[in-house]
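Asker: Contents of upload_18.txt (compact mmCIF, C-alpha atoms):
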```txt
# COMPACT_ATOMS: atom_id res chain seq x y z
CA MET A 116 151.54 12.88 -74.80
CA LYS A 117 149.47 14.05 -77.76
CA SER A 118 151.10 15.14 -80.98
CA ALA A 119 150.34 18.71 -81.98
CA LYS A 120 148.29 19.06 -85.14
CA THR A 121 150.29 20.43 -88.09
CA HIS A 122 149.15 21.53 -91.54
CA MET A 123 151.65 20.24 -94.14
CA PRO A 124 151.46 20.44 -97.91
CA ILE A 125 150.40 17.23 -99.57
CA GLU A 126 153.56 17.18 -101.69
CA LEU A 127 156.74 16.95 -99.55
CA ASN A 128 160.26 17.25 -100.84
CA VAL A 129 162.75 14.44 -100.19
CA GLY A 130 164.84 16.45 -97.68
CA LEU A 131 161.84 17.23 -95.50
CA VAL A 132 160.74 13.59 -95.55
CA ALA A 133 164.22 12.53 -94.40
CA PHE A 134 164.14 15.11 -91.59
CA ILE A 135 160.75 13.83 -90.37
CA ALA A 136 162.05 10.25 -90.41
CA ILE A 137 165.03 11.23 -88.25
CA PHE A 138 162.79 13.21 -85.85
CA VAL A 139 160.50 10.19 -85.31
CA VAL A 140 163.49 8.00 -84.40
CA VAL A 141 164.91 10.55 -81.95
CA VAL A 142 161.66 11.53 -80.16
CA PRO A 143 159.53 8.56 -78.99
CA SER A 144 155.91 9.15 -79.91
CA CYS A 145 152.77 8.25 -77.98
CA LYS A 146 151.80 5.90 -80.81
CA LYS A 147 154.94 3.86 -80.17
CA ALA A 148 154.18 3.64 -76.44
CA SER A 149 150.60 2.63 -77.17
CA THR A 150 151.77 -0.43 -79.09
CA GLU A 151 152.74 -2.06 -75.77
CA PRO A 152 150.12 -4.37 -74.22
CA SER A 153 147.46 -2.41 -72.31
CA VAL A 154 147.25 -2.75 -68.54
CA ASP A 155 143.86 -2.97 -66.78
CA PHE A 156 143.12 -0.87 -63.70
CA ALA A 157 143.55 -3.73 -61.19
CA THR A 158 146.99 -4.55 -62.58
CA ALA A 159 147.98 -0.87 -62.66
CA LYS A 160 146.83 -0.38 -59.06
CA ALA A 161 148.74 -3.45 -57.87
CA ALA A 162 151.86 -2.18 -59.67
CA TYR A 163 151.37 1.27 -58.09
CA GLU A 164 151.22 -0.26 -54.60
CA LYS A 165 154.44 -2.19 -55.32
CA PHE A 166 156.21 0.94 -56.62
CA ASP A 167 156.40 -0.60 -60.12
CA TYR A 168 156.14 2.78 -61.86
CA VAL A 169 156.61 1.45 -65.39
CA THR A 170 153.60 -0.86 -65.32
CA ALA A 171 151.52 1.52 -63.21
CA LEU A 172 152.10 4.49 -65.48
CA ARG A 173 151.21 2.49 -68.58
CA GLY A 174 147.84 1.54 -67.11
CA LEU A 175 147.00 4.70 -65.20
CA ARG A 176 147.71 7.31 -67.86
CA PRO A 177 144.90 6.41 -70.30
CA LEU A 178 142.45 5.92 -67.43
CA ALA A 179 143.40 9.27 -65.90
CA ASP A 180 143.07 10.98 -69.28
CA SER A 181 139.59 9.51 -69.58
CA GLY A 182 138.56 11.00 -66.21
CA ASN A 183 139.00 8.12 -63.73
CA ALA A 184 139.46 9.94 -60.39
CA GLU A 185 141.29 7.13 -58.61
CA ALA A 186 143.70 6.76 -61.52
CA GLN A 187 144.23 10.54 -61.51
CA PHE A 188 145.07 10.43 -57.80
CA MET A 189 147.52 7.55 -58.21
CA LEU A 190 149.12 9.21 -61.20
CA GLY A 191 149.59 12.34 -59.13
CA LYS A 192 151.17 10.26 -56.37
CA LEU A 193 153.62 8.78 -58.88
CA TYR A 194 154.72 12.27 -59.89
CA GLU A 195 154.93 13.36 -56.25
CA ARG A 196 157.10 10.39 -55.32
CA GLY A 197 159.30 10.45 -58.40
CA GLY A 198 160.96 7.27 -59.61
CA VAL A 199 161.57 5.17 -62.68
CA PHE A 200 158.82 6.06 -65.14
CA GLU A 201 159.93 4.30 -68.29
CA ARG A 202 161.84 1.36 -69.60
CA GLY A 203 165.56 1.87 -69.73
CA GLY A 204 165.77 2.88 -66.06
CA GLN A 205 165.54 6.67 -66.38
CA LEU A 206 165.08 8.18 -62.93
CA HIS A 207 162.65 11.08 -62.65
CA PRO A 208 162.71 13.49 -59.71
CA SER A 209 159.50 14.42 -57.93
CA ASP A 210 157.35 16.71 -60.04
CA TYR A 211 155.06 18.51 -57.60
CA GLY A 212 153.52 20.69 -60.29
CA GLU A 213 152.38 17.68 -62.27
CA ALA A 214 151.21 15.97 -59.08
CA LEU A 215 149.22 19.05 -58.13
CA ALA A 216 147.48 19.12 -61.50
CA TRP A 217 146.36 15.50 -61.27
CA TYR A 218 145.30 15.84 -57.63
CA ARG A 219 143.15 18.82 -58.56
CA LYS A 220 141.42 16.84 -61.32
CA ALA A 221 140.66 14.00 -58.90
CA GLY A 222 139.67 16.46 -56.18
CA GLN A 223 137.06 17.98 -58.47
CA LYS A 224 135.37 14.58 -58.36
CA ASN A 225 135.40 14.51 -54.51
CA ASN A 226 138.20 11.97 -54.33
CA GLY A 227 139.18 12.02 -50.63
CA ASP A 228 142.67 10.63 -51.26
CA ALA A 229 143.45 13.44 -53.69
CA GLU A 230 142.02 16.06 -51.35
CA ASP A 231 144.23 14.76 -48.55
CA ALA A 232 147.24 14.84 -50.90
CA LEU A 233 146.44 18.43 -51.90
CA GLY A 234 146.29 19.35 -48.24
CA SER A 235 149.73 17.87 -47.70
CA LEU A 236 151.23 19.78 -50.64
CA TYR A 237 149.88 23.07 -49.29
CA ASN A 238 150.88 22.17 -45.74
CA GLU A 239 154.47 21.46 -46.76
CA GLY A 240 154.73 24.04 -49.54
CA HIS A 241 155.58 21.49 -52.23
CA GLY A 242 154.80 22.77 -55.72
CA VAL A 243 152.82 25.66 -54.25
CA GLN A 244 153.38 28.44 -51.76
CA GLN A 245 152.92 27.05 -48.26
CA ASP A 246 149.42 27.87 -47.07
CA LYS A 247 148.18 26.24 -43.85
CA ALA A 248 144.65 27.61 -44.26
CA GLU A 249 144.38 26.15 -47.78
CA ALA A 250 145.80 22.89 -46.46
CA MET A 251 143.07 22.72 -43.80
CA LYS A 252 140.42 23.40 -46.45
CA TRP A 253 141.53 20.34 -48.41
CA TYR A 254 141.99 18.20 -45.30
CA MET A 255 138.42 18.92 -44.22
CA LEU A 256 137.11 18.13 -47.70
CA GLY A 257 139.06 14.89 -47.69
CA SER A 258 137.68 14.09 -44.24
CA GLU A 259 134.15 14.76 -45.48
CA HIS A 260 134.75 12.30 -48.31
CA GLY A 261 135.93 9.50 -46.05
CA ASN A 262 139.73 9.85 -45.95
CA ALA A 263 141.13 8.85 -42.53
CA SER A 264 144.47 10.57 -43.09
CA ALA A 265 142.73 13.84 -43.95
CA SER A 266 140.62 13.64 -40.79
CA PHE A 267 143.74 12.94 -38.77
CA SER A 268 145.56 15.94 -40.28
CA ALA A 269 142.52 18.17 -39.77
CA GLY A 270 142.57 17.19 -36.10
CA ASN A 271 146.26 18.06 -35.90
CA GLY A 272 145.55 21.44 -37.49
CA TYR A 273 142.88 22.33 -34.94
CA ASN A 274 145.00 21.04 -32.06
CA GLN A 275 148.01 23.15 -33.11
CA GLY A 276 146.11 26.13 -34.50
CA ASP A 277 147.67 25.73 -37.96
CA GLY A 278 145.59 27.55 -40.57
CA VAL A 279 142.62 27.73 -38.19
CA SER A 280 141.95 28.93 -34.66
CA LYS A 281 143.07 26.39 -32.06
CA ASP A 282 140.08 24.32 -30.96
CA VAL A 283 140.66 21.12 -29.00
CA PHE A 284 136.98 20.14 -29.27
CA LYS A 285 137.18 20.11 -33.08
CA ALA A 286 140.58 18.41 -32.95
CA LEU A 287 139.12 15.60 -30.87
CA LYS A 288 136.08 15.22 -33.13
CA PHE A 289 138.28 14.91 -36.24
CA TRP A 290 140.54 12.37 -34.53
CA LEU A 291 137.59 10.27 -33.41
CA LEU A 292 136.24 10.40 -36.96
CA SER A 293 139.67 9.41 -38.26
CA GLU A 294 139.65 6.40 -35.96
CA LYS A 295 136.25 5.31 -37.28
CA GLN A 296 137.63 5.67 -40.80
CA GLY A 297 140.50 3.31 -39.95
CA GLU A 298 143.38 5.38 -38.49
CA SER A 299 144.41 3.64 -35.24
CA LEU A 300 146.91 6.34 -34.22
CA ALA A 301 144.06 8.83 -33.84
CA ARG A 302 143.11 7.21 -30.52
CA MET A 303 146.64 7.83 -29.24
CA ASN A 304 146.32 11.54 -30.07
CA ALA A 305 143.01 11.69 -28.23
CA GLU A 306 144.52 10.05 -25.14
CA ILE A 307 147.51 12.41 -25.21
CA LEU A 308 145.21 15.41 -25.61
CA TYR A 309 143.46 14.55 -22.36
CA PHE A 310 146.66 13.63 -20.55
CA LYS A 311 148.25 16.99 -21.40
CA ASN A 312 144.99 18.74 -20.48
CA GLU A 313 146.14 21.88 -22.33
CA GLY A 314 143.95 24.29 -24.26
CA THR A 315 140.89 22.96 -22.47
CA PRO A 316 138.19 25.05 -20.76
CA LYS A 317 139.38 27.00 -17.73
CA GLN A 318 136.18 26.93 -15.71
CA PRO A 319 135.86 23.74 -13.61
CA THR A 320 132.25 23.13 -14.69
CA GLU A 321 133.23 23.42 -18.36
CA LYS A 322 136.20 21.15 -17.77
CA VAL A 323 133.86 18.48 -16.46
CA LYS A 324 131.78 18.71 -19.65
CA TRP A 325 134.97 18.30 -21.67
CA TYR A 326 135.98 15.28 -19.58
CA LEU A 327 132.50 13.77 -19.92
CA PHE A 328 132.55 14.11 -23.70
CA GLY A 329 135.82 12.21 -23.95
CA ALA A 330 134.82 9.66 -21.31
CA GLN A 331 131.67 8.81 -23.25
CA GLN A 332 133.86 8.19 -26.31
CA GLY A 333 135.83 5.60 -24.34
CA ILE A 334 139.00 7.67 -23.88
CA ALA A 335 140.68 6.29 -20.75
CA ALA A 336 142.45 9.52 -19.82
CA ALA A 337 139.13 11.39 -19.95
CA GLN A 338 137.50 8.74 -17.76
CA LEU A 339 140.37 9.10 -15.30
CA LEU A 340 140.07 12.90 -15.21
CA LEU A 341 136.32 12.74 -14.79
CA GLY A 342 136.74 10.33 -11.91
CA THR A 343 139.28 12.68 -10.33
CA ALA A 344 136.86 15.61 -10.68
CA TYR A 345 134.14 13.72 -8.81
CA HIS A 346 136.67 12.44 -6.25
CA ASP A 347 137.96 15.94 -5.48
CA GLY A 348 134.70 17.82 -6.00
CA GLU A 349 136.09 20.07 -8.73
CA GLY A 350 133.40 21.38 -11.08
CA VAL A 351 130.87 18.95 -9.63
CA PRO A 352 129.77 18.03 -6.10
CA ARG A 353 132.08 15.44 -4.53
CA ASP A 354 130.66 12.02 -5.27
CA TYR A 355 132.82 9.02 -4.44
CA SER A 356 130.41 6.53 -6.00
CA THR A 357 130.51 8.29 -9.37
CA ALA A 358 134.26 8.75 -9.06
CA LEU A 359 134.70 5.04 -8.46
CA MET A 360 132.49 4.22 -11.45
CA TRP A 361 134.65 6.30 -13.80
CA PHE A 362 137.90 5.04 -12.26
CA ARG A 363 136.72 1.48 -12.87
CA GLN A 364 135.86 2.26 -16.48
CA ALA A 365 139.34 3.72 -17.00
CA ALA A 366 140.94 0.74 -15.23
CA GLU A 367 139.04 -1.72 -17.41
CA ASN A 368 139.73 0.20 -20.63
CA LYS A 369 141.56 -2.21 -22.92
CA GLY A 370 142.50 0.30 -25.59
CA PHE A 371 146.08 0.01 -26.83
CA PHE A 372 146.85 3.56 -25.70
CA ALA A 373 144.89 3.39 -22.45
CA GLN A 374 147.49 1.63 -20.31
CA MET A 375 148.84 4.68 -18.46
CA ALA A 376 145.38 6.00 -17.61
CA ALA A 377 144.30 2.51 -16.55
CA SER A 378 147.31 2.21 -14.23
CA MET A 379 146.56 5.57 -12.65
CA ALA A 380 142.91 4.58 -12.22
CA ASP A 381 144.03 1.40 -10.43
CA PHE A 382 146.05 3.61 -8.08
CA PHE A 383 143.04 5.82 -7.29
CA ILE A 384 140.79 2.82 -6.69
CA GLY A 385 143.38 1.37 -4.32
CA GLY A 386 143.47 4.67 -2.44
CA MET A 387 139.69 4.74 -2.10
CA TYR A 388 139.68 1.28 -0.53
CA GLU A 389 142.61 2.16 1.73
CA ASN A 390 141.01 5.39 2.94
CA ALA A 391 137.35 4.25 2.97
CA GLU A 392 136.27 6.85 0.41
CA GLY A 393 132.76 5.88 -0.69
CA VAL A 394 133.47 2.21 0.07
CA ARG A 395 134.15 0.11 3.17
CA ARG A 396 137.84 0.23 4.13
CA ASP A 397 139.46 -2.91 2.75
CA TYR A 398 143.24 -3.13 2.81
CA THR A 399 143.28 -6.41 0.90
CA GLU A 400 141.28 -4.84 -1.89
CA ALA A 401 143.55 -1.78 -1.79
CA VAL A 402 146.62 -3.99 -2.16
CA LYS A 403 145.02 -5.74 -5.14
CA TRP A 404 144.52 -2.46 -7.00
CA TYR A 405 147.89 -1.02 -6.03
CA ARG A 406 149.57 -4.18 -7.26
CA LEU A 407 147.78 -4.05 -10.62
CA SER A 408 149.13 -0.55 -11.11
CA ALA A 409 152.57 -1.25 -9.65
CA ASP A 410 153.06 -4.20 -11.99
CA GLN A 411 152.61 -1.76 -14.88
CA GLY A 412 155.47 0.36 -13.53
CA PHE A 413 153.41 3.21 -12.03
CA ALA A 414 155.72 4.73 -9.41
CA ASP A 415 153.04 6.09 -7.05
CA SER A 416 151.49 2.64 -6.77
CA GLN A 417 154.88 1.00 -6.24
CA TYR A 418 155.48 3.38 -3.34
CA LYS A 419 152.00 2.88 -1.83
CA LEU A 420 152.30 -0.89 -2.11
CA GLY A 421 155.65 -0.62 -0.33
CA VAL A 422 153.94 1.31 2.48
CA MET A 423 151.36 -1.49 2.79
CA TYR A 424 154.21 -3.99 3.26
CA VAL A 425 155.90 -1.76 5.86
CA ASN A 426 152.66 -1.47 7.86
CA GLY A 427 151.37 -4.98 7.23
CA ARG A 428 148.08 -3.75 5.81
CA GLY A 429 146.42 -6.24 3.49
CA VAL A 430 149.71 -8.19 3.38
CA PRO A 431 152.12 -9.56 5.98
CA LYS A 432 154.86 -7.13 7.01
CA ASP A 433 157.83 -7.57 4.69
CA TYR A 434 160.54 -4.91 4.82
CA SER A 435 162.59 -6.54 2.06
CA GLU A 436 159.64 -6.40 -0.32
CA ALA A 437 158.93 -2.84 0.79
CA ALA A 438 162.54 -1.90 0.05
CA ARG A 439 162.29 -3.47 -3.43
CA LEU A 440 159.10 -1.55 -4.24
CA TYR A 441 160.42 1.71 -2.81
CA ARG A 442 163.53 1.36 -4.95
CA LEU A 443 161.53 0.80 -8.14
CA ALA A 444 159.59 4.01 -7.50
CA ALA A 445 162.64 5.93 -6.24
CA ASP A 446 164.56 5.07 -9.40
CA GLN A 447 161.81 6.82 -11.39
CA GLY A 448 162.10 9.96 -9.26
CA ASN A 449 159.26 9.46 -6.78
CA VAL A 450 160.27 11.71 -3.86
CA ASN A 451 158.31 9.84 -1.20
CA ALA A 452 159.90 6.58 -2.30
CA GLN A 453 163.36 8.19 -2.22
CA ILE A 454 162.75 9.26 1.36
CA GLY A 455 161.48 5.77 2.23
CA THR A 456 164.47 4.11 0.60
CA GLY A 457 166.87 6.42 2.38
CA ALA A 458 165.21 5.73 5.73
CA LEU A 459 165.47 1.97 5.29
CA TYR A 460 169.19 2.25 4.53
CA VAL A 461 169.84 4.51 7.52
CA GLU A 462 168.02 2.14 9.87
CA GLY A 463 169.17 -1.04 8.16
CA ILE A 464 165.62 -2.36 7.79
CA GLY A 465 165.01 -4.68 4.84
CA VAL A 466 168.46 -3.71 3.50
CA PRO A 467 171.96 -3.56 5.00
CA LYS A 468 172.63 -0.37 6.97
CA ASP A 469 174.43 2.04 4.63
CA TYR A 470 174.84 5.74 5.44
CA ILE A 471 176.19 6.50 1.98
CA GLN A 472 173.02 5.16 0.36
CA GLY A 473 170.87 6.84 2.98
CA TYR A 474 172.56 10.21 2.47
CA PHE A 475 172.37 9.76 -1.31
CA TRP A 476 168.59 9.13 -1.41
CA PHE A 477 167.77 11.91 1.05
CA THR A 478 169.91 14.25 -1.05
CA LEU A 479 167.87 13.45 -4.16
CA ALA A 480 164.65 14.11 -2.26
CA ALA A 481 166.05 17.38 -0.92
CA VAL A 482 167.06 18.51 -4.41
CA SER A 483 163.47 17.86 -5.52
CA GLY A 484 162.36 20.48 -3.01
CA ASN A 485 161.59 18.53 0.17
CA PRO A 486 162.95 20.59 3.11
CA ALA A 487 162.36 17.78 5.62
CA ALA A 488 164.60 15.50 3.56
CA ALA A 489 167.36 18.11 3.66
CA LYS A 490 167.22 18.21 7.47
CA VAL A 491 167.44 14.43 7.73
CA ARG A 492 170.35 14.34 5.28
CA ASP A 493 172.24 16.93 7.35
CA GLY A 494 171.67 14.81 10.44
CA ILE A 495 173.00 11.68 8.72
CA GLU A 496 176.16 13.56 7.72
CA LYS A 497 177.21 13.78 11.41
CA SER A 498 177.69 10.02 11.43
CA MET A 499 179.73 9.91 8.20
CA THR A 500 183.36 10.48 7.26
CA PRO A 501 184.23 13.21 4.71
CA ALA A 502 185.08 10.47 2.20
CA GLN A 503 181.65 8.87 2.65
CA VAL A 504 179.90 12.21 2.21
CA ALA A 505 181.91 12.90 -0.95
CA GLU A 506 180.96 9.48 -2.37
CA ALA A 507 177.26 10.03 -1.61
CA GLN A 508 177.36 13.46 -3.22
CA ARG A 509 179.03 11.99 -6.30
CA LEU A 510 176.27 9.39 -6.60
CA ALA A 511 173.66 12.16 -6.34
CA ARG A 512 175.35 14.24 -9.05
CA GLU A 513 175.51 11.31 -11.45
CA TRP A 514 172.02 9.95 -10.80
CA LYS A 515 169.49 9.86 -13.60
CA PRO A 516 165.89 8.62 -13.39
CA LYS A 517 165.19 5.21 -14.87
CA ASP A 518 162.29 4.01 -16.97
CA ALA A 519 159.35 2.32 -15.29
CA LYS A 520 159.71 -1.35 -14.37
```
Take the structure from the file and write it as structure tokens.

Answerer:
Amino acid sequence: MKSAKTHMPIELNVGLVAFIAIFVVVVPSCKKASTEPSVDFATAKAAYEKFDYVTALRGLRPLADSGNAEAQFMLGKLYERGGVFERGGQLHPSDYGEALAWYRKAGQKNNGDAEDALGSLYNEGHGVQQDKAEAMKWYMLGSEHGNASASFSAGNGYNQGDGVSKDVFKALKFWLLSEKQGESLARMNAEILYFKNEGTPKQPTEKVKWYLFGAQQGIAAAQLLLGTAYHDGEGVPRDYSTALMWFRQAAENKGFFAQMAASMADFFIGGMYENAEGVRRDYTEAVKWYRLSADQGFADSQYKLGVMYVNGRGVPKDYSEAARLYRLAADQGNVNAQIGTGALYVEGIGVPKDYIQGYFWFTLAAVSGNPAAAKVRDGIEKSMTPAQVAEAQRLAREWKPKDAK
């Protein structure tokens, strides 16, 4: 702090001199603090990153006062966090007003970190009235000046319509920029955006353009959706060769957040080989792709692979293995697999005959809205005792889907 200038008479009486002496002892002056060894910027920054507020503050304050934007940002962050600011262990609460002032000074010098921090204060309403539009203004400035967190937050704003009109195209562009700037979680948001497929163009032809944009950026879910569009002929003429190309790209996508899309792409490729869609029918190849997906816990592939074992297509017939695969998918809630599991129990194929288990699995399928399963369940009931029916119904009431295996 700077002492205020005062105009005192040259001749002071003894009482006033004594008062000034007492005042200096009671109120620590900046001159006293400045007698401590100075701290260079590197040391101050290291202390800041280790939450050593005492050392950081001692080095950052003079640099911030002299106009160093990075020091101003870090000083603002110290005030935002709160903590021990001085020797003697005095704890200071967060001071958002002081943080805001220092962030603004750094922001005037295009410091992206400070602009991102200002955006957060406005977004949360800390030290200022909450203002989502003002927050987005600062996030976009921070993004422009290279801050990955600001780009990420700007993407969130456009995705949610906070402070701006909802625009998934702009959200995606900010997230992709954030990833390039070093934010790995931005890729996850991009994948989720395509998986949810919400807020996207309604017209099929426009949807395809949206899918193509993401696919060209290497987003596995977009590659999967684009492949599906070509496979089904939605928004583009049906083209199995192009569909297979995009499915393969999704399947081979090694991104950390691409696993689910890759598993689904494996499933579609398996189906194309099984059904001779744009390729020569090849059950062995179909089994290979179904297995890749099934091993990742994708229920549809677990069920289809089970069907291949039941029919002996691409693999020797093996009802026990089929029952195992059906059960994995059925446990996740796959209705077809529940029906298949129930049928195996009723017939005693691959598993011991068990009407309770058969009734139980057909009941789950019926509850999911399959009328054929309800008819089969009612037929099984004729071969069961009331106690067996009650036990099967109890199992159905208590059942909960399990995570993928």

Asker: Counting all atoms listed in the file, what are the residues of stretch 148-230 of chain A within 7 Å of stretch 259-271 of chain A, and for each of them which pair of atoms is the nearest and at what distance in Å, to one decimal? Sort the table by chain and rising number, as a Markdown table.

Answerer:
```
| residue | atom | partner | partner_atom | distance |
| --- | --- | --- | --- | --- |
| A:Asn225 | CA | A:His260 | CA | 6.6 |
| A:Asn226 | CA | A:His260 | CA | 6.9 |
| A:Gly227 | CA | A:His260 | CA | 5.0 |
| A:Asp228 | CA | A:Asn262 | CA | 6.1 |
```

Asker: Between atom CA of A:Gly386 and atom CA of A:Lys403, what is the spacing in Å?

Answerer: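 Pair atom CA of A:Lys403 / atom CA of A:Gly386 returns 10.9 Å.
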
Asker: Between atom CA of A:Tyr254 and atom CA of A:Trp217, measure the distance and give it in Å to one decimal.

Answerer: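 Computing the Euclidean distance for atom CA of A:Tyr254 and atom CA of A:Trp217 yields 16.8 Å.
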
Asker: What does the distance from atom CA of A:Ala179 to atom CA of A:Gln245 come to in Å, to one decimal?

Answerer: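 Spanning atom CA of A:Ala179 to atom CA of A:Gln245 is a straight-line distance of 26.8 Å.
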
Asker: Residues around (143.5, 2.3, -69.7), cut-off 8 Å, counting all atoms listed in the file - what are they as JSON, numbers by chain?

Answerer: {"A": [153, 154, 155, 156, 173, 174, 175, 176, 177, 178, 179]}

Asker: Box time for stretch 232-237 of chain A: axis-aligned, enclosing all its listed atoms, 3 Å extra on each side; report centre and edge lengths in Å to one decimal, as JSON.

Answerer:
```
{"center_x": 148.8, "center_y": 19.0, "center_z": -49.8, "size_x": 10.9, "size_y": 14.2, "size_z": 10.2}
```

Asker: When distances are computed from only C-alpha atoms, which of A:Pro431, A:Gly297, A:Gly276, A:Gly222 shows the smallest separation from A:Trp253?

Answerer: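 Under the stated criterion, the closest residue is A:Gly222.
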
Asker: Could you check the closest approach to A:Ala186 for each of A:Met255, A:Ala305, A:Ala481, A:Ala171 and tell me which residue wins, using all atoms listed in the file?

Answerer: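 Smallest distance to A:Ala186 is found for A:Ala171.
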
Asker: Find the residue from A:Asp469, A:Asp415, A:Asp381, A:Glu230 that sits nearest to A:Glu400; use all atoms listed in the file when measuring.

Answerer: A:Asp381

Asker: Using all atoms listed in the file, find the one residue out of A:Arg395, A:Lys432, A:Lys322, A:Lys497 that sits nearest to A:Tyr355.

Answerer: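 Among A:Arg395, A:Lys432, A:Lys322, A:Lys497, it is A:Arg395 that comes nearest to A:Tyr355.
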
Asker: Name the residues in contact with stretch 324-329 of chain A at a cut-off of 12 Å, using all atoms listed in the file, excluding same-chain residues fewer than 2 positions from it; report them as a PyMOL selection string.

Answerer: chain A and resi 283-288+290-291+302+305-310+312-322+331-345+349-351+361+365
